[in-house]
Every structure is written in C-alpha cells, then in structure tokens.
file upload-v1.csv (CSV, C-alpha atoms)
chain,number,residue,atom,x,y,z
A,1,MET,CA,10.7,38.6,-17.4
A,2,SER,CA,7.3,37.0,-17.2
A,3,THR,CA,6.4,34.3,-14.7
A,4,ASN,CA,6.8,30.8,-16.2
A,5,LYS,CA,3.5,29.0,-16.0
A,6,PRO,CA,4.0,25.5,-17.5
A,7,TYR,CA,0.9,24.4,-15.6
A,8,LYS,CA,-1.3,26.3,-18.0
A,9,ASN,CA,-0.8,23.4,-20.4
A,10,ILE,CA,-2.5,20.9,-18.2
A,11,PRO,CA,-5.8,20.0,-19.8
A,12,GLY,CA,-9.1,20.9,-18.1
A,13,THR,CA,-7.4,22.5,-15.1
A,14,THR,CA,-7.2,26.0,-13.7
A,15,VAL,CA,-4.3,26.5,-11.3
A,16,PHE,CA,-5.1,29.1,-8.7
A,17,ASP,CA,-2.0,31.3,-8.7
A,18,ALA,CA,-1.4,34.8,-7.5
A,19,ASP,CA,-2.7,36.3,-10.7
A,20,MET,CA,-6.0,34.4,-10.5
A,21,ALA,CA,-6.2,35.3,-6.8
A,22,SER,CA,-5.9,38.9,-7.7
A,23,ILE,CA,-8.7,38.7,-10.3
A,24,GLY,CA,-10.9,36.7,-7.9
A,25,PHE,CA,-10.1,38.5,-4.7
A,26,HIS,CA,-13.6,39.9,-4.0
A,27,LEU,CA,-15.4,36.8,-5.5
A,28,ASN,CA,-13.5,34.6,-3.1
A,29,GLN,CA,-14.0,36.9,-0.1
A,30,PHE,CA,-17.7,37.0,-0.8
A,31,CYS,CA,-17.6,33.2,-0.6
A,32,MET,CA,-15.9,33.4,2.7
A,33,SER,CA,-18.7,35.5,4.1
A,34,LEU,CA,-21.0,32.5,3.6
A,35,MET,CA,-19.3,30.7,6.4
A,36,LYS,CA,-21.5,32.7,8.8
A,37,ALA,CA,-25.0,31.4,9.1
A,38,PRO,CA,-26.7,34.9,9.2
A,39,ASN,CA,-24.9,35.8,5.9
A,40,ARG,CA,-26.1,32.5,4.3
A,41,GLU,CA,-29.6,33.5,5.2
A,42,ARG,CA,-29.3,36.9,3.7
A,43,PHE,CA,-27.7,35.5,0.6
A,44,LYS,CA,-30.5,33.0,0.1
A,45,GLN,CA,-33.2,35.6,0.6
A,46,ASP,CA,-31.9,38.0,-2.1
A,47,GLN,CA,-28.8,36.8,-3.9
A,48,LYS,CA,-28.4,39.8,-6.2
A,49,ALA,CA,-28.8,42.3,-3.4
A,50,TYR,CA,-26.2,40.4,-1.3
A,51,LEU,CA,-23.8,40.2,-4.2
A,52,ASP,CA,-24.2,43.9,-4.9
A,53,GLU,CA,-22.6,44.5,-1.5
A,54,TRP,CA,-19.3,43.2,-2.9
A,55,PRO,CA,-17.1,45.0,-5.4
A,56,MET,CA,-17.3,42.1,-7.9
A,57,SER,CA,-17.7,42.4,-11.6
A,58,GLU,CA,-21.1,41.9,-13.1
A,59,GLU,CA,-19.8,38.8,-14.9
A,60,GLN,CA,-18.6,37.3,-11.6
A,61,LYS,CA,-22.0,38.0,-10.0
A,62,GLN,CA,-23.9,36.4,-12.9
A,63,ALA,CA,-21.6,33.4,-12.8
A,64,VAL,CA,-22.5,33.0,-9.1
A,65,ILE,CA,-26.2,33.3,-9.7
A,66,ALA,CA,-26.0,30.7,-12.5
A,67,ARG,CA,-23.8,28.4,-10.3
A,68,ASP,CA,-21.5,28.1,-13.2
A,69,TYR,CA,-18.4,26.9,-11.4
A,70,ASN,CA,-16.1,26.7,-14.4
A,71,HIS,CA,-17.0,30.3,-15.3
A,72,MET,CA,-16.4,31.4,-11.7
A,73,MET,CA,-13.0,29.7,-11.8
A,74,SER,CA,-12.1,31.4,-15.0
A,75,LEU,CA,-12.9,34.7,-13.2
A,76,GLY,CA,-10.5,34.0,-10.3
A,77,GLY,CA,-12.6,31.8,-8.1
A,78,ASN,CA,-10.9,29.0,-6.2
A,79,ILE,CA,-12.7,25.7,-5.6
A,80,TYR,CA,-12.2,25.8,-1.8
A,81,PHE,CA,-13.7,29.2,-1.6
A,82,LEU,CA,-16.5,28.4,-4.1
A,83,ALA,CA,-17.3,25.3,-1.9
A,84,LYS,CA,-18.9,27.8,0.5
A,85,ILE,CA,-21.5,28.5,-2.2
A,86,PHE,CA,-22.5,24.9,-2.9
A,87,SER,CA,-22.3,24.0,0.8
A,88,SER,CA,-24.8,26.8,1.5
A,89,ASP,CA,-26.9,25.2,-1.3
A,90,GLY,CA,-26.7,21.9,0.5
A,91,ILE,CA,-24.8,20.3,-2.4
A,92,SER,CA,-22.0,17.9,-1.9
A,93,PHE,CA,-18.5,18.3,-3.3
A,94,GLN,CA,-19.1,15.4,-5.7
A,95,ASP,CA,-22.3,16.9,-7.1
A,96,ALA,CA,-20.7,20.2,-7.5
A,97,ALA,CA,-17.6,18.6,-9.2
A,98,SER,CA,-19.9,16.8,-11.7
A,99,THR,CA,-21.4,20.1,-12.9
A,100,MET,CA,-17.9,21.1,-14.1
A,101,THR,CA,-17.3,18.1,-16.2
A,102,GLY,CA,-20.3,18.0,-18.6
A,103,MET,CA,-21.4,14.7,-17.1
A,104,THR,CA,-24.6,14.0,-15.3
A,105,LEU,CA,-24.3,13.4,-11.5
A,106,PRO,CA,-25.0,9.6,-11.9
A,107,GLU,CA,-22.5,9.4,-14.7
A,108,TYR,CA,-19.8,11.2,-12.7
A,109,ALA,CA,-20.6,9.1,-9.5
A,110,GLN,CA,-20.3,5.9,-11.6
A,111,MET,CA,-17.0,7.1,-13.1
A,112,MET,CA,-15.6,7.6,-9.5
A,113,LEU,CA,-16.9,4.1,-8.4
A,114,ASP,CA,-15.2,2.7,-11.5
A,115,GLY,CA,-11.8,4.1,-10.3
A,116,GLY,CA,-12.0,7.8,-11.4
A,117,ARG,CA,-11.1,9.6,-14.5
A,118,THR,CA,-8.1,7.8,-16.0
A,119,PRO,CA,-4.8,9.8,-16.4
A,120,GLN,CA,-4.3,8.4,-19.9
A,121,GLY,CA,-5.3,11.1,-22.4
A,122,ASN,CA,-5.8,13.6,-19.6
A,123,MET,CA,-2.2,14.7,-18.9
A,124,TYR,CA,0.0,17.2,-20.6
A,125,GLN,CA,2.7,15.2,-22.5
A,126,GLY,CA,4.7,18.0,-24.1
A,127,ASP,CA,7.7,19.9,-22.8
A,128,LYS,CA,7.2,21.8,-19.6
B,1,MET,CA,13.1,14.1,26.5
B,2,ALA,CA,10.4,14.3,24.0
B,3,LYS,CA,10.7,11.9,21.0
B,4,ILE,CA,8.9,11.4,17.7
B,5,THR,CA,8.2,7.7,17.7
B,6,SER,CA,6.1,7.2,14.6
B,7,GLY,CA,4.2,8.8,11.7
B,8,VAL,CA,0.8,8.4,10.1
B,9,ALA,CA,-0.2,9.5,6.7
B,10,THR,CA,-3.8,9.7,5.7
B,11,SER,CA,-6.2,11.5,3.3
B,12,HIS,CA,-8.6,13.9,4.9
B,13,VAL,CA,-11.6,13.9,2.6
B,14,PRO,CA,-14.5,15.9,4.1
B,15,ALA,CA,-17.0,13.3,3.0
B,16,ILE,CA,-15.3,10.8,5.3
B,17,GLY,CA,-16.0,13.1,8.2
B,18,ALA,CA,-19.6,13.4,7.1
B,19,ALA,CA,-19.9,9.6,6.9
B,20,ILE,CA,-18.6,9.3,10.5
B,21,ASP,CA,-20.8,12.1,11.8
B,22,ASN,CA,-23.9,10.7,10.2
B,23,GLY,CA,-23.4,7.1,11.2
B,24,LYS,CA,-22.8,5.8,7.6
B,25,THR,CA,-19.5,4.0,8.1
B,26,GLN,CA,-21.0,0.5,7.7
B,27,GLU,CA,-22.9,1.4,4.5
B,28,PRO,CA,-21.6,-0.5,1.4
B,29,TYR,CA,-20.0,2.6,-0.1
B,30,TRP,CA,-18.0,3.4,3.0
B,31,GLN,CA,-17.4,0.0,4.7
B,32,PRO,CA,-14.3,-0.9,2.6
B,33,LEU,CA,-12.7,2.4,3.4
B,34,PHE,CA,-13.2,2.3,7.1
B,35,LYS,CA,-12.0,-1.3,7.2
B,36,GLY,CA,-8.6,0.1,6.1
B,37,TYR,CA,-8.4,2.0,9.3
B,38,ASP,CA,-9.2,-0.9,11.7
B,39,TYR,CA,-5.5,-1.5,12.2
B,40,VAL,CA,-4.6,2.1,13.2
B,41,LYS,CA,-7.5,2.4,15.6
B,42,GLU,CA,-6.0,-0.6,17.6
B,43,TRP,CA,-2.4,0.5,17.1
B,44,ILE,CA,-3.0,4.0,18.5
B,45,LYS,CA,-4.6,2.6,21.6
B,46,GLN,CA,-1.4,0.8,22.3
B,47,GLN,CA,0.9,3.7,21.3
B,48,LYS,CA,-1.0,6.4,23.3
B,49,PRO,CA,0.8,9.4,21.9
B,50,ASP,CA,0.8,12.4,24.3
B,51,VAL,CA,1.0,14.9,21.4
B,52,VAL,CA,0.4,14.7,17.7
B,53,ILE,CA,2.0,17.2,15.4
B,54,LEU,CA,-0.8,17.3,12.8
B,55,VAL,CA,0.3,18.6,9.4
B,56,TYR,CA,-2.7,19.6,7.3
B,57,ASN,CA,-4.0,22.3,5.1
B,58,ASP,CA,-6.7,24.8,5.8
B,59,HIS,CA,-9.3,24.9,3.0
B,60,ALA,CA,-10.2,28.5,3.0
B,61,SER,CA,-11.7,28.1,6.4
B,62,ALA,CA,-9.4,30.0,8.8
B,63,PHE,CA,-7.2,31.7,6.2
B,64,ASP,CA,-9.0,33.7,3.5
B,65,LEU,CA,-7.2,35.7,0.9
B,66,ASN,CA,-6.2,38.4,3.4
B,67,PHE,CA,-3.5,36.2,4.8
B,68,VAL,CA,-2.0,33.1,3.2
B,69,PRO,CA,0.9,31.8,5.3
B,70,THR,CA,3.0,29.1,3.6
B,71,PHE,CA,3.6,27.4,7.0
B,72,ALA,CA,1.7,28.2,10.2
B,73,ILE,CA,2.0,26.5,13.6
B,74,GLY,CA,-0.9,26.6,16.1
B,75,CYS,CA,0.6,27.7,19.5
B,76,GLY,CA,-2.8,28.2,21.2
B,77,ALA,CA,-4.3,26.2,24.1
B,78,GLU,CA,-7.5,25.2,22.3
B,79,PHE,CA,-8.8,25.1,18.7
B,80,LYS,CA,-12.5,24.9,17.7
B,81,PRO,CA,-13.8,23.0,14.7
B,82,ALA,CA,-14.5,25.4,11.8
B,83,ASP,CA,-17.9,26.1,10.3
B,84,GLU,CA,-17.1,25.3,6.7
B,85,GLY,CA,-20.6,26.3,5.4
B,86,TRP,CA,-22.8,23.7,6.8
B,87,GLY,CA,-22.1,24.2,10.5
B,88,PRO,CA,-19.1,22.9,12.5
B,89,ARG,CA,-18.4,19.2,12.7
B,90,PRO,CA,-19.8,17.7,15.9
B,91,VAL,CA,-16.4,16.8,17.3
B,92,PRO,CA,-14.6,17.8,20.5
B,93,ASN,CA,-12.5,20.9,20.6
B,94,VAL,CA,-8.8,20.2,19.9
B,95,ILE,CA,-6.5,20.8,22.8
B,96,GLY,CA,-3.1,22.2,21.9
B,97,HIS,CA,0.3,22.0,23.6
B,98,PRO,CA,1.4,25.7,23.7
B,99,GLN,CA,4.8,25.0,25.4
B,100,LEU,CA,5.9,22.4,22.8
B,101,ALA,CA,4.5,24.3,19.9
B,102,SER,CA,6.3,27.5,21.0
B,103,HIS,CA,9.5,25.5,21.5
B,104,ILE,CA,9.2,24.1,17.9
B,105,ALA,CA,8.5,27.5,16.5
B,106,GLN,CA,11.5,29.0,18.3
B,107,SER,CA,13.8,26.1,17.2
B,108,VAL,CA,12.8,25.8,13.5
B,109,ILE,CA,12.7,29.6,12.9
B,110,GLN,CA,16.3,29.8,14.1
B,111,ASP,CA,16.9,26.8,11.8
B,112,ASP,CA,15.8,28.9,8.8
B,113,PHE,CA,12.1,27.7,8.6
B,114,ASP,CA,10.0,30.8,9.1
B,115,LEU,CA,6.8,29.5,10.5
B,116,THR,CA,3.9,31.9,11.1
B,117,VAL,CA,2.8,31.7,14.7
B,118,VAL,CA,-1.0,31.4,15.1
B,119,ASN,CA,-2.7,31.4,18.4
B,120,THR,CA,-6.3,31.6,17.4
B,121,ILE,CA,-7.4,29.3,14.5
B,122,ASP,CA,-10.5,27.3,13.9
B,123,VAL,CA,-9.5,23.9,12.5
B,124,ASP,CA,-11.3,22.4,9.5
B,125,HIS,CA,-11.9,19.0,8.1
B,126,GLY,CA,-8.2,18.7,7.1
B,127,LEU,CA,-7.3,18.4,10.8
B,128,THR,CA,-10.5,16.9,12.3
B,129,VAL,CA,-11.1,14.1,9.8
B,130,PRO,CA,-7.7,12.4,10.5
B,131,LEU,CA,-8.5,12.6,14.3
B,132,SER,CA,-11.9,10.9,13.6
B,133,LEU,CA,-10.3,8.2,11.5
B,134,MET,CA,-7.8,7.3,14.2
B,135,TYR,CA,-9.9,7.8,17.3
B,136,GLY,CA,-13.5,7.4,16.2
B,137,GLN,CA,-16.0,9.5,18.2
B,138,PRO,CA,-14.7,10.1,21.7
B,139,GLU,CA,-16.0,12.7,24.2
B,140,ALA,CA,-12.6,14.3,24.1
B,141,TRP,CA,-9.6,13.7,21.9
B,142,PRO,CA,-7.1,11.4,23.8
B,143,CYS,CA,-4.0,13.4,22.7
B,144,LYS,CA,-2.9,17.0,22.5
B,145,VAL,CA,-2.5,18.3,19.0
B,146,ILE,CA,-0.2,20.9,17.5
B,147,PRO,CA,-1.6,22.0,14.1
B,148,VAL,CA,0.9,22.7,11.4
B,149,ALA,CA,-1.0,24.3,8.5
B,150,VAL,CA,0.6,24.3,5.0
B,151,ASN,CA,-0.6,26.4,2.1
B,152,VAL,CA,-1.6,24.2,-0.8
B,153,VAL,CA,-4.5,26.3,-2.0
B,154,LEU,CA,-2.8,29.3,-3.5
B,155,TYR,CA,-0.1,28.2,-6.0
B,156,PRO,CA,2.7,27.5,-5.3
B,157,ALA,CA,2.7,25.3,-2.3
B,158,PRO,CA,6.1,24.9,-0.6
B,159,SER,CA,8.3,22.5,-2.5
B,160,GLY,CA,8.5,18.8,-1.5
B,161,ARG,CA,12.1,19.3,-0.7
B,162,ARG,CA,11.3,22.2,1.7
B,163,CYS,CA,8.6,20.2,3.4
B,164,TYR,CA,10.9,17.2,3.8
B,165,ASN,CA,13.6,19.4,5.4
B,166,LEU,CA,11.1,21.1,7.6
B,167,GLY,CA,10.2,17.7,9.0
B,168,LYS,CA,13.8,17.2,9.9
B,169,ALA,CA,13.9,20.5,11.7
B,170,ILE,CA,10.7,19.7,13.6
B,171,ARG,CA,12.3,16.4,14.7
B,172,LYS,CA,15.4,18.2,16.0
B,173,ALA,CA,13.1,20.7,17.8
B,174,VAL,CA,11.1,18.0,19.5
B,175,GLU,CA,14.2,16.1,20.6
B,176,SER,CA,15.5,19.2,22.4
B,177,PHE,CA,12.3,19.6,24.5
B,178,ASP,CA,12.8,18.6,28.1
B,179,GLU,CA,9.5,17.0,29.0
B,180,ASP,CA,9.1,13.3,28.4
B,181,LEU,CA,6.6,13.1,25.7
B,182,ASN,CA,5.6,10.4,23.2
B,183,VAL,CA,5.1,12.5,20.0
B,184,GLN,CA,3.7,11.4,16.7
B,185,ILE,CA,3.6,13.3,13.5
B,186,TRP,CA,0.8,12.9,10.9
B,187,GLY,CA,0.9,14.0,7.3
B,188,THR,CA,-2.5,14.4,5.7
B,189,GLY,CA,-4.2,15.2,2.4
B,190,GLY,CA,-4.1,13.6,-1.0
B,191,MET,CA,-3.8,11.2,-2.7
B,192,SER,CA,-4.5,11.9,-6.4
B,193,HIS,CA,-7.6,14.0,-6.9
B,194,GLN,CA,-8.9,17.0,-8.8
B,195,LEU,CA,-12.0,18.8,-7.6
B,196,GLN,CA,-12.3,21.4,-10.3
B,197,GLY,CA,-12.8,22.0,-14.0
B,198,PRO,CA,-13.5,19.6,-16.9
B,199,ARG,CA,-10.8,17.2,-15.6
B,200,ALA,CA,-12.4,16.8,-12.2
B,201,GLY,CA,-12.4,13.2,-10.9
B,202,LEU,CA,-8.9,12.4,-12.1
B,203,ILE,CA,-7.4,9.5,-10.2
B,204,ASN,CA,-3.9,8.1,-10.9
B,205,LYS,CA,-3.4,4.8,-9.1
B,206,GLU,CA,0.0,4.2,-10.6
B,207,PHE,CA,1.2,7.6,-9.3
B,208,ASP,CA,-0.3,7.0,-5.9
B,209,ASN,CA,1.2,3.5,-5.5
B,210,ASP,CA,4.6,4.7,-6.6
B,211,PHE,CA,4.3,7.6,-4.0
B,212,LEU,CA,3.4,5.1,-1.3
B,213,ASP,CA,6.5,3.0,-2.2
B,214,ARG,CA,8.9,5.9,-2.5
B,215,ILE,CA,7.9,7.8,0.7
B,216,VAL,CA,9.0,4.7,2.6
B,217,ASP,CA,12.2,3.8,0.8
B,218,ASP,CA,13.2,6.8,-1.4
B,219,ALA,CA,11.8,9.9,0.4
B,220,GLU,CA,14.9,11.9,-0.4
B,221,GLY,CA,14.4,11.3,-4.1
B,222,LEU,CA,10.7,11.7,-3.9
B,223,SER,CA,11.1,15.1,-2.3
B,224,GLN,CA,12.7,16.3,-5.5
B,225,MET,CA,9.5,15.9,-7.5
B,226,PRO,CA,8.5,19.3,-9.1
B,227,HIS,CA,5.1,20.8,-8.6
B,228,PHE,CA,4.2,20.3,-12.2
B,229,ASP,CA,4.4,16.6,-11.9
B,230,TYR,CA,2.0,16.6,-8.9
B,231,LEU,CA,-0.5,18.9,-10.7
B,232,ASN,CA,-0.3,17.1,-14.1
B,233,GLN,CA,-0.2,13.5,-12.8
B,234,ALA,CA,-2.1,13.6,-9.5
B,235,GLY,CA,-4.6,16.3,-10.2
B,236,SER,CA,-4.7,19.9,-9.1
B,237,GLU,CA,-5.5,19.0,-5.5
B,238,GLY,CA,-3.0,16.1,-5.5
B,239,ILE,CA,-0.3,18.7,-4.6
B,240,GLU,CA,-1.5,18.2,-1.0
B,241,LEU,CA,0.8,15.2,-0.9
B,242,VAL,CA,3.8,17.5,-0.2
B,243,MET,CA,2.5,17.5,3.4
B,244,TRP,CA,3.3,13.8,3.7
B,245,LEU,CA,6.9,14.7,3.2
B,246,ILE,CA,7.0,16.8,6.4
B,247,MET,CA,5.8,13.8,8.3
B,248,ARG,CA,8.4,11.6,6.6
B,249,GLY,CA,11.3,14.0,7.1
B,250,ALA,CA,10.6,13.9,10.9
B,251,LEU,CA,11.1,10.1,11.0
B,252,ASN,CA,14.3,8.0,10.8
B,253,ASP,CA,15.7,7.2,7.3
B,254,LYS,CA,14.7,3.6,8.0
B,255,VAL,CA,11.1,2.9,9.0
B,256,ASP,CA,8.9,-0.1,9.5
B,257,VAL,CA,5.6,-0.1,7.5
B,258,LYS,CA,3.0,-1.2,10.0
B,259,GLN,CA,0.0,-0.5,7.7
B,260,ARG,CA,-0.5,0.5,4.1
B,261,PHE,CA,-3.9,1.0,2.6
B,262,TYR,CA,-5.2,2.4,-0.7
B,263,HIS,CA,-8.8,2.8,-1.7
B,264,VAL,CA,-10.7,4.5,-4.5
B,265,PRO,CA,-13.0,6.4,-4.2
B,266,ALA,CA,-14.0,8.6,-1.3
B,267,SER,CA,-16.2,11.1,-3.0
B,268,ASN,CA,-13.8,12.6,-5.7
B,269,THR,CA,-10.6,11.3,-4.1
B,270,ALA,CA,-8.1,8.4,-3.9
B,271,VAL,CA,-7.5,7.6,-0.2
B,272,GLY,CA,-4.1,6.5,1.0
B,273,HIS,CA,-2.9,5.6,4.5
B,274,LEU,CA,0.4,4.6,6.0
B,275,VAL,CA,1.5,3.8,9.6
B,276,LEU,CA,5.3,4.1,9.9
B,277,GLU,CA,7.4,3.4,13.0
B,278,ASN,CA,11.0,4.4,13.4
B,279,LYS,CA,13.4,1.5,13.1

call {"tool": "encode", "arguments": {"input": "upload-v1.csv", "output": "structure tokens"}}
result
Amino acid sequence: MSTNKPYKNIPGTTVFDADMASIGFHLNQFCMSLMKAPNRERFKQDQKAYLDEWPMSEEQKQAVIARDYNHMMSLGGNIYFLAKIFSSDGISFQDAASTMTGMTLPEYAQMMLDGGRTPQGNMYQGDK
Amino acid sequence: MAKITSGVATSHVPAIGAAIDNGKTQEPYWQPLFKGYDYVKEWIKQQKPDVVILVYNDHASAFDLNFVPTFAIGCGAEFKPADEGWGPRPVPNVIGHPQLASHIAQSVIQDDFDLTVVNTIDVDHGLTVPLSLMYGQPEAWPCKVIPVAVNVVLYPAPSGRRCYNLGKAIRKAVESFDEDLNVQIWGTGGMSHQLQGPRAGLINKEFDNDFLDRIVDDAEGLSQMPHFDYLNQAGSEGIELVMWLIMRGALNDKVDVKQRFYHVPASNTAVGHLVLENK
C-alpha cells in the first residue's frame, strides 16, 4: 500500500512530507548550519567550497548557488530551512517568496497590500 | 489551585517582531496592525497572568531534521531567543516554570498525550513575537512562560482533533497543580498564508473569518477539519492554525470574546487575533 497524498493535487504547492525530508535531509541540515555566524561567514567567502563539505547532490548545490528556491524545494528543501539562506543574504521573507512566484518584488508586494493572492482559481477543486 | 482563566490567539509573523525591534510600529504599513493589539496590551496589565502556556511552533530553529517531536514541552528554567540567521531578537530571556511544566508533562502523558520533555531549547519568533505583541519591549517579561512546541513544519502536523483534546488534558493538569496561579494559554501562528512555491502569497479571508467564528462557537466541529482543507484553502503554512485549537480546548465550552482582530497583510500573512475569557 502506498501512502495517500491528496495534497499533491494542490496547485503551486510542495508539501514537505517525510519523503521530501528524506531527499532533502543534507540540503536542509546545510541550511541549519547557517544559523551560526562563523558558518555564515565561511559560506559567503566561498559558497562552493562550503557546500562541498555536505553530502548533497550536485543539483542541490547548484540550486543553492542560483538561489532558485522552487528548485531547492523540488529537491527536498523546506522553506523554513531555506529561510536560513536568504536570511544570511539579508533578504526578507517577502522578497524571497516573490522570487518563487514569477512576479517582481514590487508586483508581489502590491498583491499582498491588495489582500493577497485570491483563493479563487488557486485551490484544488476535485476529489481528494 | 492553579487555574486557566483566559486564552489569547495571535499570528506570530517574524516581520512583526522586526517592526517592533526596529521602531517601525507607527509607520503607515504597520500602524493598522499594531492598533489591533492596543486592547490586549491594556487587558493583560489588568489580568497579570503568573504563567503563560505558550503554544507555538519552532521554525527549524531548535529542531532540525535530526529530531522532530510532534509535541514538546519546555520544562527548563530559562530559554534564550534563537539566532534564526540574522542574530537573536533583542528581547529578554524567557523564564520558565519548571515545576508546573513538569506537572503538566506528568499529567498529560498519563492521559495518553506523549509530550517530548525538553529542558534546553532556544525559542524563535514563534514564541517571542506574541510576547512582544502583548507586552511591548520590557526589560524582563512580566510572566513565566511554558513553551509548548508543535510540529507543523514536517507534514503531517497533529490533527486538529488531537490538538483540541490536548488542550483539555492541559487544563485538567493545570487545575490539579497546588500552587495558586493565574494561568493563561496562548495559541499562535496562522492565519492563512503560503510562503513557498508559485502559489506563495495566498490569503483566504473567507476561510479565516469562518475560523475566527467557529473557534469561539463551534470549536468541537472545527477540530474535525482535515489537514487537506487547511493546506488547500488556507495555504501550506495555514496549517499552523491547529495550534489555536490547543488553546481553545483548554478553555470552557462557553467563552466571552473580549477582542477580535483581523488584518491583511503582515509580510506574506493574514493576521488574526482573539482574546477569550472563560464564562
């Protein structure tokens, strides 16, 4: 029997379940290391060298260097772990979120001021 | 005897903490949000809780992927603000209540709720932003705090039903503690928000306002809502709202709503806030 995952049908959304956590274990643990200031410094000085200290896939490392958050999530990254990367970059949660939506930062910020992305057309309507 | 007298629900958006820490609360973006908390700031000065049981979630600050407890209770004497990647928030250390916390753990574990006991834990914005919203910027927090951390990061979070019933078990535990203590319980997180993927920025005002209605008058029914509905309708991070049900379960079936506030946006998030007193 396979695990039932109705949430895979929700548009534009990656749910961080145990399978994703397994794929992303080292990526996420690398992110955790950035909570210590000396590690942040070393990462900033030579990102590739720092990433090579972790048993991550080359694709995961390249996604980090490209700051491609959607790609990182598809490779098992979780947003609260990935937040350590953009926090180290001095980037806010809103700026980072906007990069995942295909919108510019001002467009995204305006959408939020206007009440956010509407649920209409953005929810799964079928059978669970 | 110790007694839970009231409950507070609030979002715990990190940007709210940053606005407080950087003196931006009166800026046009933030002013309407903070106005919604004027009531509770005065209310809590009158109420003077001795202890707050603060239900929150850790955001990959204290718990990495090595350990993911579904429910954890902080039984330590003191908790430091976590460094979440930009240095710890400039807020006082949080003082615990080890005796009451251990008593709650002992009681609820024997009541079938297997909380993980944690003595050392740095507390992140999920716990410190609600304290800042209620108390502002004091030299020391005026109450003791028992952190109750709920996993909502690694799917699945505990069910709403489980959370609601844990609240009831916590209430029973508090009421069997000998010391005279005025105890509050706070449920934090939410409301609708999604921080990730192409659907980031999702806000569902209808869902949120329905949730605010039902947690007062139909908490039992609300506790039956499946995870899929939270994720689909309130965004992937809207699942945090199950934590409000722990707060609600610890209160009487009938409560007075002393304050209700809803505001969009704070950064990526819809902010909801309730002050509930036992009838």

call {"tool": "closest_atom_pairs", "arguments": {"input": "upload-v1.csv", "of": "chain B", "to": "chain A", "cutoff": "8 Å", "atoms": "all atoms listed in the file", "output": "tab-separated table"}}
result
residue	atom	partner	partner_atom	distance
B:His59	CA	A:Tyr80	CA	5.7
B:Ala60	CA	A:Phe81	CA	5.8
B:Ser61	CA	A:Met32	CA	7.7
B:Asp64	CA	A:Gln29	CA	6.9
B:Leu65	CA	A:Phe25	CA	6.9
B:Asp83	CA	A:Met35	CA	6.2
B:Glu84	CA	A:Met35	CA	5.8
B:Gly85	CA	A:Met35	CA	4.7
B:Trp86	CA	A:Ser87	CA	6.0
B:Gly87	CA	A:Ala37	CA	7.9
B:Val153	CA	A:Phe16	CA	7.3
B:Leu154	CA	A:Asp17	CA	5.6
B:Tyr155	CA	A:Asp17	CA	4.5
B:Pro156	CA	A:Asp17	CA	6.9
B:Leu195	CA	A:Ala97	CA	5.8
B:Gln196	CA	A:Ala97	CA	6.1
B:Gly197	CA	A:Met100	CA	5.2
B:Pro198	CA	A:Thr101	CA	4.1
B:Arg199	CA	A:Gly12	CA	4.8
B:Ala200	CA	A:Ala97	CA	6.3
B:Gly201	CA	A:Arg117	CA	5.3
B:Leu202	CA	A:Arg117	CA	4.3
B:Ile203	CA	A:Gly116	CA	5.0
B:Asn204	CA	A:Pro119	CA	5.8
B:Phe228	CA	A:Tyr7	CA	6.3
B:Leu231	CA	A:Tyr7	CA	7.5
B:Asn232	CA	A:Met123	CA	5.7
B:Gln233	CA	A:Met123	CA	6.5
B:Ser236	CA	A:Val15	CA	7.0
B:Val264	CA	A:Gly115	CA	5.9
B:Pro265	CA	A:Met112	CA	6.0
B:Ser267	CA	A:Gln94	CA	5.8
B:Asn268	CA	A:Gln94	CA	6.0

call {"tool": "atom_distance", "arguments": {"input": "upload-v1.csv", "atom1": "atom CA of B:Phe261", "atom2": "atom CA of B:Pro130"}}
result
14.4 Å

call {"tool": "closest_residue", "arguments": {"input": "upload-v1.csv", "among": "B:Ala149, B:Gly187, B:Val257, B:Asp112", "to": "B:Asp217", "atoms": "all atoms listed in the file"}}
result
B:Val257

call {"tool": "residues_near_point", "arguments": {"input": "upload-v1.csv", "point": "(-16.1, 37.1, -6.8)", "cutoff": "9 Å", "atoms": "all atoms listed in the file", "output": "VMD selection string"}}
result
chain A and resid 23 to 31 51 54 to 57 60 to 61 63 to 64 72 75 to 77

call {"tool": "residues_around", "arguments": {"input": "upload-v1.csv", "residues": "B:Ile121", "least_positions_apart": "2", "cutoff": "12 Å", "atoms": "only C-alpha atoms", "output": "ChimeraX atom specification"}}
result
/B:58,60-64,72-83,93-96,117-119,123-124,127,146-149

call {"tool": "atom_distance", "arguments": {"input": "upload-v1.csv", "atom1": "atom CA of B:Gln184", "atom2": "atom CA of B:Pro226"}}
result
27.4 Å

call {"tool": "closest_residue", "arguments": {"input": "upload-v1.csv", "among": "B:Gln26, B:Ser102, B:Asn182, B:Ser132", "to": "B:Val52", "atoms": "only C-alpha atoms"}}
result
B:Asn182

call {"tool": "atom_distance", "arguments": {"input": "upload-v1.csv", "atom1": "atom CA of B:Ile185", "atom2": "atom CA of B:Gly235"}}
result
25.3 Å

call {"tool": "residues_near_point", "arguments": {"input": "upload-v1.csv", "point": "(8.5, 18.3, -4.6)", "cutoff": "9 Å", "atoms": "all atoms listed in the file", "output": "PDB file with C-alpha atoms, keeping the file's coordinate frame"}}
result
ATOM      1  CA  PRO B 158       6.100  24.900  -0.600  1.00  0.00           C
ATOM      2  CA  SER B 159       8.300  22.500  -2.500  1.00  0.00           C
ATOM      3  CA  GLY B 160       8.500  18.800  -1.500  1.00  0.00           C
ATOM      4  CA  ARG B 161      12.100  19.300  -0.700  1.00  0.00           C
ATOM      5  CA  ARG B 162      11.300  22.200   1.700  1.00  0.00           C
ATOM      6  CA  CYS B 163       8.600  20.200   3.400  1.00  0.00           C
ATOM      7  CA  TYR B 164      10.900  17.200   3.800  1.00  0.00           C
ATOM      8  CA  LEU B 222      10.700  11.700  -3.900  1.00  0.00           C
ATOM      9  CA  SER B 223      11.100  15.100  -2.300  1.00  0.00           C
ATOM     10  CA  GLN B 224      12.700  16.300  -5.500  1.00  0.00           C
ATOM     11  CA  MET B 225       9.500  15.900  -7.500  1.00  0.00           C
ATOM     12  CA  PRO B 226       8.500  19.300  -9.100  1.00  0.00           C
ATOM     13  CA  HIS B 227       5.100  20.800  -8.600  1.00  0.00           C
ATOM     14  CA  PHE B 228       4.200  20.300 -12.200  1.00  0.00           C
ATOM     15  CA  ASP B 229       4.400  16.600 -11.900  1.00  0.00           C
ATOM     16  CA  TYR B 230       2.000  16.600  -8.900  1.00  0.00           C
ATOM     17  CA  ILE B 239      -0.300  18.700  -4.600  1.00  0.00           C
ATOM     18  CA  VAL B 242       3.800  17.500  -0.200  1.00  0.00           C
ATOM     19  CA  LEU B 245       6.900  14.700   3.200  1.00  0.00           C
TER      20      LEU B 245
END

call {"tool": "closest_residue", "arguments": {"input": "upload-v1.csv", "among": "B:Ala2, B:Leu251, B:Cys143, B:Leu133", "to": "B:Gln47", "atoms": "all atoms listed in the file"}}
result
B:Cys143
